[in-house]
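> Structure below; questions to follow.
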Amino acid sequence: MTRVATATEVVDLAACSLRELNQRLHDVAGDHPEPRHWRVVNPNGTHAVACGLDAPVEVEIAGHVGYYCAGMNQRATVRVHGNAGTGVAENMMSGVVVVDGNASQSAGATGRGGLLVVHGDAGARCGISMKGVDIVVRGSIGHLSAFMAQRGTLVVCGDAGEALGDSIYETHIYVRGEVAGLGADCVEKQLRDHHVAELRALLDSAGVRDVEPSSFRRYGSARQLYNFRIDNAGAY
Amino acid sequence: MSGKGGWQPGLRESHLYDRNVIAEIQRAAREGIYDIRGFGAKRRLPHFDDLLLLGASISRYPLEGYRERCGTDVVLGTRFASKPLQLEIPITIAGMSFGALSAPAKEALGRAATEVGTSTTTGDGGMTPEERRSSKTLVYQLLPSRYGMNPDDLRRADAIEVVVGQGAKPGGGGMLLGHKISDRVAEMRDLPKGIDQRSASRHPDWTGPDDLEIKIHELREITGWEKPVFVKVGATRTYYDVQLAVKAGADVIVVDGMQAGTAATQDVFIEHVGIPTLPAVRLAVQALVDLGVHRQVQLVVSGGIRTGADVAKALALGADAVSIGTAALIAMGDNSPEYDEEYRALGSAAGYYDDWQAGRDPVGISTQEEKLAAKLDPVVAGRKVANYLRVLTLEAQTLARACGKSHVHNLEPEDLVALTVEAAAMAGVPLAGTNWIPGAEAR
């Protein structure tokens, strides 16, 4: 039987358990998942929705989700039509996760690849320990974002809270609005042409086209705390 | 004088300012930075040596030492996981990172564990293919740093261990100094080469027991509720930590006492934070008993397990299994007199070497230098660790049989007495020759 490629599998979390939803999403692993399009209704703040996916499926979630939505995502595209709780797309490896509303703390924490887009604001610790993921936040982010951030790029179209990029390693940070304060070893750096190009590409990928890349400021590691030196004791 | 530093009549060394204290004050004055080292606490602490087992006599029957069976198997993760770990012996290998240890050392641990039917554990640096290949049963750690964490390895693992803390440094994060951040280690951890890497001490995406419960739920959802989830804590407020870990949904709780080893930590941290393994076991068991889940949520105890006697006493106090780290490295050859000359060239000596952070280990264990690592044959080292694990098991069986037990898990607190008032109070067993358990009336 030939199935219609555009058919969307609808799962109602008011009638189906989270375990069943996630297992069904895991069972379609592979390069040609069937069904490819999923729509989850009545999420009602459930935790761990669509986590651990590893297939190029597209999952639309109609409503708010709790903690760890799309956690450790691989290859899937997950879109939350609502707000997301703590740790959305934590440790994501690849694929795309989009939050139409706001995201709580630790959005994209430790992510190693892929793209996380938050159209609203993100809370504290956005991009904490990020390891290669790209994060684009249309609004503002909270304190201690990009703490110990290792790789990847964090783009913030609004403002950033206190202690941005504290103990940062090699992540690139771009902020368009005000930065309340920089953390240890995080400094403002010159925005060069190739940074503008990197930003433009990321904003395009995120579907953010009404913001001029050259209007951002760039932040990164001063690399002064990479090795123990007693002279730096006061910086910690 | 009888020689440099030698004693002669009239010379009296200060207890408060002994030669080690003087050397450390002067080192600090010279270098201006705290001492970072490996190994574990070196101070004397109440330990299993302060307990004795009561062998059988008239009131108890012993088992025939060479004839009657004394079981040693243990199942870890029976609470929620659909695939609990089935181990042949109650002694597992603790988490030690690739980075802290060389690849051959990690492979040797996997080989040894596989040979004797037990599990080994990854560490703060991710899972290496060598380690996965050589380990039949591998526990994958989820640490605050999340170095190398990926869902493929999570699914490849046989169990997941959420590391909240470790006994050598409860409240502290991992540490790996720049000279051990080789190309491969840097790549696995997504870090620049050669930096002094300091792991976070808190998890990045959860805070407190309510969050931990949700985190464990996520890990189970990702892995289809198959794998046991361990929660490892450094021993401090053990009673409450164990109860909170149970509440958060752990299948297995690992309690790591302050004698536990580390590859690199500040000396002041190693020696002054946490509680010894002895009271930690009792507190952990009490927490499980009070919740009515003792033996349903399994308890693994680590920190200073060296002999079959330590194993037997930990089990008698109520642990389901023990875990070894430092002793496994010593079994491979760490601190062996065979390497004394090489240790002396590094300013140390066999029996004293604790510079595991430095990466210059002449045995090839705590190093990332290819030339040094190549000195450790993973097959030979693995066989040594397997032999050692067998001896620990045989010793524990010997003691259990003497107490009349047909399984090592049948050992119980009633089989123990303490040699010191401190050990009696900490372990909750009577001082030998009395029925006095200090503090029992207050519990």
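Lettering and numbering for the structure tokens are positional, with chains as A, B, ... in the shown order, residues counted from 1 in each chain, and ligands counted from 1 in the shown order.
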Please, which residues of chain A lie no more than 8 Å from chain B when the count uses only C-alpha atoms, and can they be set out as a JSON list (two decimals) with C-alpha atoms, in the first residue's frame?

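The resulting file, out.json, is reproduced below:
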[["chain", "number", "residue", "atom", "x", "y", "z"],
["A", 19, "ARG", "CA", 5.66, 6.19, 26.87],
["A", 22, "ASN", "CA", 7.98, 8.27, 22.55],
["A", 23, "GLN", "CA", 8.21, 4.58, 21.73],
["A", 47, "HIS", "CA", 7.94, 16.32, 30.54],
["A", 48, "ALA", "CA", 10.27, 14.50, 28.12],
["A", 51, "CYS", "CA", 13.07, 13.03, 23.56],
["A", 52, "GLY", "CA", 15.70, 10.68, 22.16],
["A", 53, "LEU", "CA", 14.48, 10.87, 18.55],
["A", 67, "TYR", "CA", 11.15, 19.68, 30.99],
["A", 68, "TYR", "CA", 13.53, 18.16, 28.45],
["A", 71, "GLY", "CA", 16.21, 16.05, 24.71],
["A", 72, "MET", "CA", 19.23, 14.52, 22.96],
["A", 86, "THR", "CA", 13.64, 23.47, 31.61],
["A", 87, "GLY", "CA", 16.27, 21.91, 29.36],
["A", 90, "GLU", "CA", 19.28, 19.42, 26.14],
["A", 91, "ASN", "CA", 22.33, 17.70, 24.67],
["A", 93, "MET", "CA", 23.16, 16.25, 18.58],
["A", 105, "GLN", "CA", 16.17, 27.69, 32.02],
["A", 106, "SER", "CA", 18.99, 25.58, 30.54],
["A", 109, "ALA", "CA", 22.20, 22.80, 27.64],
["A", 110, "THR", "CA", 25.29, 20.83, 26.59],
["A", 125, "ARG", "CA", 21.59, 29.28, 31.79],
["A", 128, "ILE", "CA", 25.06, 26.24, 29.47],
["A", 129, "SER", "CA", 28.03, 23.97, 28.64],
["A", 131, "LYS", "CA", 29.34, 21.86, 22.87],
["A", 132, "GLY", "CA", 28.61, 22.63, 19.24],
["A", 150, "GLN", "CA", 32.64, 25.08, 24.76],
["A", 151, "ARG", "CA", 31.64, 25.20, 21.10],
["A", 169, "TYR", "CA", 35.75, 28.26, 26.15],
["A", 170, "GLU", "CA", 35.34, 28.59, 22.36],
["A", 226, "TYR", "CA", 42.57, 28.24, 30.43],
["A", 227, "ASN", "CA", 45.44, 27.28, 32.69],
["A", 228, "PHE", "CA", 45.88, 27.67, 36.45],
["A", 229, "ARG", "CA", 47.82, 30.78, 37.34],
["A", 230, "ILE", "CA", 47.85, 32.16, 40.84]]
> Taking the DSSP assignment computed from this structure's backbone, write out as a list of chain:residue names all residues of chain A that belong to alpha helix (DSSP H).
A:Leu18, A:Arg19, A:Glu20, A:Leu21, A:Asn22, A:Gln23, A:Arg24, A:Leu25, A:His26, A:Asp27, A:Asp193, A:His194, A:His195, A:Val196, A:Ala197, A:Glu198, A:Leu199, A:Arg200, A:Ala201, A:Leu202, A:Leu203, A:Asp204, A:Ser205
> Show which residues sit within 12 Å of B:Ala309, as number ranges by chain. Count only C-alpha atoms, and ignore same-chain residues fewer than 5 positions away.
B: 47-53, 304, 314-316, 322, 391-400, 408, 411, 416
> Leaving out A:Gln74 and any residue of its chain fewer than 4 positions from it, which residues lie within 7 Å of it when counting only C-alpha atoms, given as number ranges by chain?
A: 53-55, 92-95
> Do you know which residues are at most 8 Å from stretch 153-160 of chain A counting only C-alpha atoms, after dropping those on the same chain fewer than 3 positions away, and could you put them as JSON, numbers by chain?
{"A": [127, 132, 133, 134, 135, 136, 137, 138, 139, 140, 141, 142, 143, 145, 146, 164, 171, 172, 173, 174, 175, 176, 177, 178, 179, 180, 199, 211, 216]}
> Select, from B:Pro62, B:Pro228, B:Gly257, B:Gly38, the residue with the minimum atom-to-atom distance to B:Leu85, counting only C-alpha atoms.
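Closest to B:Leu85, using only C-alpha atoms: B:Pro228.
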> Find the residue from B:Val185, B:Val417, B:Ala100, B:Ala105 that sits nearest to B:Ala328; use only C-alpha atoms when measuring.
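Using only C-alpha atoms, the shortest distance to B:Ala328 belongs to B:Ala105.
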> Excluding B:Ser366 and any residue of its chain fewer than 4 positions from it, enumerate the residues within 8 Å of it, using only C-alpha atoms, and give them as a list in words.
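Final neighbour list, sorted by chain and number: Ala100, Leu101, Ser102, Ala263, Trp356, Gln357, Gly359, Arg360 and Asp361 of chain B.
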> Find the residues around B:Gly325 up to 12 Å (only C-alpha atoms counted), leave out those fewer than 6 positions away in its own chain, and share them as a VMD selection string.
chain B and resid 39 to 40 91 to 97 101 105 to 106 109 120 to 123 166 to 168 256 259 to 263 301 to 306 331 to 332 334 385 389
> Restricting it to N, CA and C atoms, dump the selection as an mmCIF file, in the first residue's frame.

data_model
loop_
_atom_site.group_PDB
_atom_site.id
_atom_site.type_symbol
_atom_site.label_atom_id
_atom_site.label_comp_id
_atom_site.auth_asym_id
_atom_site.auth_seq_id
_atom_site.Cartn_x
_atom_site.Cartn_y
_atom_site.Cartn_z
ATOM 1 N N PHE B 39 45.139 9.860 43.808
ATOM 2 C CA PHE B 39 44.983 8.906 44.907
ATOM 3 C C PHE B 39 43.796 9.338 45.774
ATOM 4 N N GLY B 40 43.762 8.916 47.025
ATOM 5 C CA GLY B 40 42.643 9.291 47.901
ATOM 6 C C GLY B 40 43.171 9.811 49.211
ATOM 7 N N ILE B 91 31.328 -7.250 43.209
ATOM 8 C CA ILE B 91 32.415 -6.270 43.196
ATOM 9 C C ILE B 91 32.486 -5.705 41.784
ATOM 10 N N THR B 92 32.221 -4.419 41.653
ATOM 11 C CA THR B 92 32.227 -3.802 40.329
ATOM 12 C C THR B 92 33.422 -2.850 40.215
ATOM 13 N N ILE B 93 33.652 -2.400 38.980
ATOM 14 C CA ILE B 93 34.727 -1.424 38.750
ATOM 15 C C ILE B 93 34.092 -0.034 38.674
ATOM 16 N N ALA B 94 34.638 0.883 39.456
ATOM 17 C CA ALA B 94 34.068 2.233 39.550
ATOM 18 C C ALA B 94 34.399 3.077 38.321
ATOM 19 N N GLY B 95 33.707 4.180 38.191
ATOM 20 C CA GLY B 95 33.924 5.080 37.064
ATOM 21 C C GLY B 95 35.274 5.776 37.140
ATOM 22 N N MET B 96 36.018 5.662 36.062
ATOM 23 C CA MET B 96 37.302 6.366 35.947
ATOM 24 C C MET B 96 37.398 6.783 34.487
ATOM 25 N N SER B 97 37.750 8.021 34.234
ATOM 26 C CA SER B 97 37.603 8.529 32.872
ATOM 27 C C SER B 97 38.750 8.125 31.965
ATOM 28 N N LEU B 101 42.706 8.165 32.849
ATOM 29 C CA LEU B 101 43.417 6.911 32.586
ATOM 30 C C LEU B 101 43.717 6.798 31.094
ATOM 31 N N ALA B 105 44.611 1.248 29.915
ATOM 32 C CA ALA B 105 44.136 1.012 31.284
ATOM 33 C C ALA B 105 42.628 0.809 31.286
ATOM 34 N N LYS B 106 41.914 1.638 30.520
ATOM 35 C CA LYS B 106 40.458 1.482 30.452
ATOM 36 C C LYS B 106 40.097 0.133 29.834
ATOM 37 N N LEU B 109 40.547 -2.663 32.374
ATOM 38 C CA LEU B 109 39.446 -2.745 33.352
ATOM 39 C C LEU B 109 38.243 -3.459 32.740
ATOM 40 N N THR B 120 31.933 -2.695 34.538
ATOM 41 C CA THR B 120 32.861 -1.587 34.672
ATOM 42 C C THR B 120 32.100 -0.317 34.293
ATOM 43 N N THR B 121 32.731 0.831 34.477
ATOM 44 C CA THR B 121 32.005 2.096 34.380
ATOM 45 C C THR B 121 32.843 3.100 33.604
ATOM 46 N N THR B 122 32.175 3.931 32.806
ATOM 47 C CA THR B 122 32.916 4.960 32.054
ATOM 48 C C THR B 122 33.397 6.029 33.042
ATOM 49 N N GLY B 123 33.516 7.266 32.636
ATOM 50 C CA GLY B 123 33.980 8.314 33.544
ATOM 51 C C GLY B 123 33.691 9.664 32.937
ATOM 52 N N GLN B 166 31.387 12.543 44.025
ATOM 53 C CA GLN B 166 32.276 11.423 44.287
ATOM 54 C C GLN B 166 32.928 11.609 45.645
ATOM 55 N N GLY B 167 33.295 10.481 46.260
ATOM 56 C CA GLY B 167 33.759 10.501 47.634
ATOM 57 C C GLY B 167 35.009 11.323 47.871
ATOM 58 N N ALA B 168 35.893 11.363 46.882
ATOM 59 C CA ALA B 168 37.137 12.113 47.050
ATOM 60 C C ALA B 168 36.880 13.612 47.118
ATOM 61 N N ASP B 256 29.833 6.742 47.770
ATOM 62 C CA ASP B 256 31.287 6.753 47.643
ATOM 63 C C ASP B 256 31.884 7.470 48.859
ATOM 64 N N GLN B 259 37.388 7.894 51.401
ATOM 65 C CA GLN B 259 38.661 7.254 51.062
ATOM 66 C C GLN B 259 38.776 6.963 49.563
ATOM 67 N N ALA B 260 37.738 7.271 48.820
ATOM 68 C CA ALA B 260 37.742 6.976 47.388
ATOM 69 C C ALA B 260 38.825 7.772 46.660
ATOM 70 N N GLY B 261 39.272 7.224 45.560
ATOM 71 C CA GLY B 261 40.354 7.841 44.801
ATOM 72 C C GLY B 261 39.872 8.888 43.826
ATOM 73 N N THR B 262 40.817 9.604 43.301
ATOM 74 C CA THR B 262 40.567 10.630 42.289
ATOM 75 C C THR B 262 41.823 10.746 41.442
ATOM 76 N N ALA B 263 41.643 11.199 40.220
ATOM 77 C CA ALA B 263 42.813 11.383 39.364
ATOM 78 C C ALA B 263 43.462 12.738 39.611
ATOM 79 N N VAL B 301 28.606 0.281 47.440
ATOM 80 C CA VAL B 301 29.445 1.095 48.309
ATOM 81 C C VAL B 301 30.878 1.084 47.792
ATOM 82 N N SER B 302 31.493 2.254 47.792
ATOM 83 C CA SER B 302 32.882 2.334 47.349
ATOM 84 C C SER B 302 33.644 3.307 48.226
ATOM 85 N N GLY B 303 34.954 3.273 48.082
ATOM 86 C CA GLY B 303 35.824 4.134 48.887
ATOM 87 C C GLY B 303 36.674 3.312 49.818
ATOM 88 N N GLY B 304 37.831 2.862 49.335
ATOM 89 C CA GLY B 304 38.766 2.153 50.196
ATOM 90 C C GLY B 304 38.532 0.662 50.305
ATOM 91 N N ILE B 305 37.883 0.057 49.319
ATOM 92 C CA ILE B 305 37.712 -1.402 49.312
ATOM 93 C C ILE B 305 39.003 -2.012 48.771
ATOM 94 N N ARG B 306 39.680 -2.801 49.619
ATOM 95 C CA ARG B 306 40.998 -3.339 49.239
ATOM 96 C C ARG B 306 41.064 -4.856 49.298
ATOM 97 N N ALA B 331 46.336 -3.062 41.362
ATOM 98 C CA ALA B 331 46.431 -4.437 40.839
ATOM 99 C C ALA B 331 47.123 -4.458 39.479
ATOM 100 N N MET B 332 46.916 -3.424 38.695
ATOM 101 C CA MET B 332 47.565 -3.338 37.371
ATOM 102 C C MET B 332 49.055 -3.088 37.483
ATOM 103 N N ASP B 334 50.177 -0.064 39.559
ATOM 104 C CA ASP B 334 50.429 1.262 40.123
ATOM 105 C C ASP B 334 51.146 1.139 41.467
ATOM 106 N N VAL B 385 44.023 -7.648 37.044
ATOM 107 C CA VAL B 385 42.839 -7.127 37.741
ATOM 108 C C VAL B 385 41.805 -8.238 37.920
ATOM 109 N N LEU B 389 40.278 -9.515 41.396
ATOM 110 C CA LEU B 389 38.836 -9.595 41.670
ATOM 111 C C LEU B 389 38.452 -10.995 42.157
#
> Have a look at atom CA of B:Gly308 and atom CA of B:Ala350 and let me know their distance in Å, one decimal.
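It comes out at 23.7 Å.
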> Apply DSSP to the backbone of this structure and, from stretch 26-231 of chain A, keep only the residues in strand (DSSP E); write these as a PyMOL selection string.
chain A and resi 37-41+58-62+77-80+96-99+115-118+131-137+151-156+172-175+186-189+217-221
> Restricting it to N, CA and C atoms, dump the selection as a compact mmCIF listing (two decimals), in the first residue's frame.

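Everything below was put into part.txt:
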# COMPACT_ATOMS: atom_id res chain seq x y z
N HIS A 37 5.55 12.80 9.33
CA HIS A 37 4.98 14.00 9.98
C HIS A 37 4.11 13.59 11.17
N TRP A 38 4.38 14.20 12.29
CA TRP A 38 3.64 13.89 13.52
C TRP A 38 3.09 15.17 14.12
N ARG A 39 1.95 15.07 14.73
CA ARG A 39 1.38 16.22 15.44
C ARG A 39 0.92 15.72 16.81
N VAL A 40 1.45 16.34 17.85
CA VAL A 40 1.11 15.94 19.21
C VAL A 40 0.18 17.00 19.80
N VAL A 41 -0.99 16.57 20.20
CA VAL A 41 -1.93 17.53 20.79
C VAL A 41 -2.13 17.24 22.27
N GLU A 58 9.30 14.97 11.42
CA GLU A 58 8.90 16.33 11.81
C GLU A 58 7.78 16.21 12.81
N VAL A 59 8.03 16.75 14.00
CA VAL A 59 7.06 16.63 15.08
C VAL A 59 6.58 18.03 15.47
N GLU A 60 5.28 18.25 15.34
CA GLU A 60 4.68 19.51 15.76
C GLU A 60 3.97 19.26 17.09
N ILE A 61 4.25 20.09 18.06
CA ILE A 61 3.61 19.91 19.36
C ILE A 61 2.69 21.11 19.60
N ALA A 62 1.41 20.83 19.69
CA ALA A 62 0.42 21.91 19.78
C ALA A 62 0.15 22.25 21.24
N THR A 77 13.11 17.18 13.40
CA THR A 77 12.70 18.58 13.54
C THR A 77 11.50 18.59 14.48
N VAL A 78 11.67 19.29 15.60
CA VAL A 78 10.61 19.34 16.61
C VAL A 78 10.20 20.80 16.79
N ARG A 79 8.93 21.07 16.65
CA ARG A 79 8.46 22.45 16.81
C ARG A 79 7.41 22.50 17.92
N VAL A 80 7.67 23.36 18.90
CA VAL A 80 6.75 23.51 20.02
C VAL A 80 5.93 24.77 19.79
N VAL A 96 16.69 20.05 14.23
CA VAL A 96 16.23 21.42 14.54
C VAL A 96 15.14 21.34 15.60
N VAL A 97 15.24 22.21 16.58
CA VAL A 97 14.18 22.33 17.58
C VAL A 97 13.76 23.79 17.63
N VAL A 98 12.48 24.03 17.49
CA VAL A 98 11.96 25.40 17.47
C VAL A 98 10.91 25.55 18.57
N VAL A 99 11.05 26.61 19.35
CA VAL A 99 10.05 26.93 20.36
C VAL A 99 9.41 28.25 19.95
N LEU A 115 20.36 22.85 15.55
CA LEU A 115 19.94 24.25 15.73
C LEU A 115 18.73 24.31 16.65
N LEU A 116 18.83 25.18 17.66
CA LEU A 116 17.69 25.45 18.56
C LEU A 116 17.27 26.90 18.34
N VAL A 117 16.00 27.10 18.06
CA VAL A 117 15.48 28.45 17.87
C VAL A 117 14.39 28.70 18.91
N VAL A 118 14.53 29.80 19.63
CA VAL A 118 13.49 30.20 20.58
C VAL A 118 12.97 31.55 20.12
N LYS A 131 28.16 22.53 23.43
CA LYS A 131 29.34 21.86 22.87
C LYS A 131 29.24 21.74 21.35
N GLY A 132 28.66 22.71 20.70
CA GLY A 132 28.61 22.63 19.24
C GLY A 132 27.25 22.98 18.66
N VAL A 133 26.23 23.04 19.51
CA VAL A 133 24.90 23.41 19.03
C VAL A 133 24.89 24.90 18.67
N ASP A 134 24.01 25.27 17.73
CA ASP A 134 23.76 26.69 17.46
C ASP A 134 22.41 27.05 18.07
N ILE A 135 22.38 28.16 18.78
CA ILE A 135 21.14 28.59 19.44
C ILE A 135 20.82 30.02 19.00
N VAL A 136 19.60 30.22 18.53
CA VAL A 136 19.16 31.57 18.16
C VAL A 136 17.93 31.91 19.01
N VAL A 137 18.04 32.99 19.77
CA VAL A 137 16.93 33.43 20.61
C VAL A 137 16.44 34.78 20.09
N ARG A 151 31.65 25.05 22.55
CA ARG A 151 31.64 25.20 21.10
C ARG A 151 30.26 25.67 20.66
N GLY A 152 30.13 25.98 19.37
CA GLY A 152 28.84 26.38 18.85
C GLY A 152 28.65 27.88 18.94
N THR A 153 27.44 28.33 18.61
CA THR A 153 27.16 29.76 18.53
C THR A 153 25.85 30.08 19.24
N LEU A 154 25.87 31.13 20.03
CA LEU A 154 24.66 31.60 20.71
C LEU A 154 24.34 32.99 20.19
N VAL A 155 23.16 33.14 19.59
CA VAL A 155 22.74 34.42 19.03
C VAL A 155 21.53 34.92 19.81
N VAL A 156 21.61 36.14 20.31
CA VAL A 156 20.52 36.70 21.12
C VAL A 156 20.11 38.03 20.50
N HIS A 172 30.97 31.02 20.25
CA HIS A 172 30.79 32.40 19.76
C HIS A 172 29.47 32.93 20.30
N ILE A 173 29.49 34.11 20.87
CA ILE A 173 28.25 34.72 21.38
C ILE A 173 28.01 36.04 20.65
N TYR A 174 26.78 36.22 20.18
CA TYR A 174 26.38 37.49 19.56
C TYR A 174 25.13 38.00 20.27
N VAL A 175 25.17 39.23 20.73
CA VAL A 175 24.01 39.81 21.41
C VAL A 175 23.71 41.17 20.76
N CYS A 186 35.08 36.28 29.98
CA CYS A 186 34.31 36.58 28.77
C CYS A 186 34.49 38.06 28.45
N VAL A 187 34.85 38.34 27.21
CA VAL A 187 35.12 39.73 26.81
C VAL A 187 34.41 40.05 25.50
N GLU A 188 34.21 41.34 25.26
CA GLU A 188 33.68 41.74 23.97
C GLU A 188 34.79 41.70 22.94
N LYS A 189 34.47 41.25 21.76
CA LYS A 189 35.46 41.15 20.70
C LYS A 189 34.95 41.87 19.46
N ARG A 217 26.72 42.66 18.76
CA ARG A 217 28.07 42.73 19.34
C ARG A 217 28.52 41.32 19.63
N ARG A 218 29.81 41.12 19.52
CA ARG A 218 30.36 39.77 19.65
C ARG A 218 31.10 39.61 20.98
N TYR A 219 30.93 38.45 21.60
CA TYR A 219 31.60 38.15 22.86
C TYR A 219 32.25 36.76 22.77
N GLY A 220 33.35 36.61 23.48
CA GLY A 220 34.02 35.31 23.46
C GLY A 220 35.04 35.23 24.59
N SER A 221 35.85 34.20 24.54
CA SER A 221 36.79 33.95 25.63
C SER A 221 38.05 34.79 25.50
> Please, what distance in Å, to one decimal, runs between atom CA of B:Arg69 and atom CA of B:Lys405?
9.2 Å
> Could you tell me which of B:Asp290, B:Glu107, B:Asp354, B:Asp35 comes closest to B:Val380 if we count only C-alpha atoms?
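Result for the nearest residue to B:Val380: B:Glu107.
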> Tell me, in Å to one decimal, how far atom CA of B:Glu414 is from atom CA of B:Gly274.
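According to the coordinates, atom CA of B:Glu414 and atom CA of B:Gly274 are separated by 26.9 Å.
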> From the list B:Ala381, B:Ala427, B:Leu63, B:Met258, which residue is nearest B:Pro104 when using only C-alpha atoms?
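Closest to B:Pro104, using only C-alpha atoms: B:Ala381.
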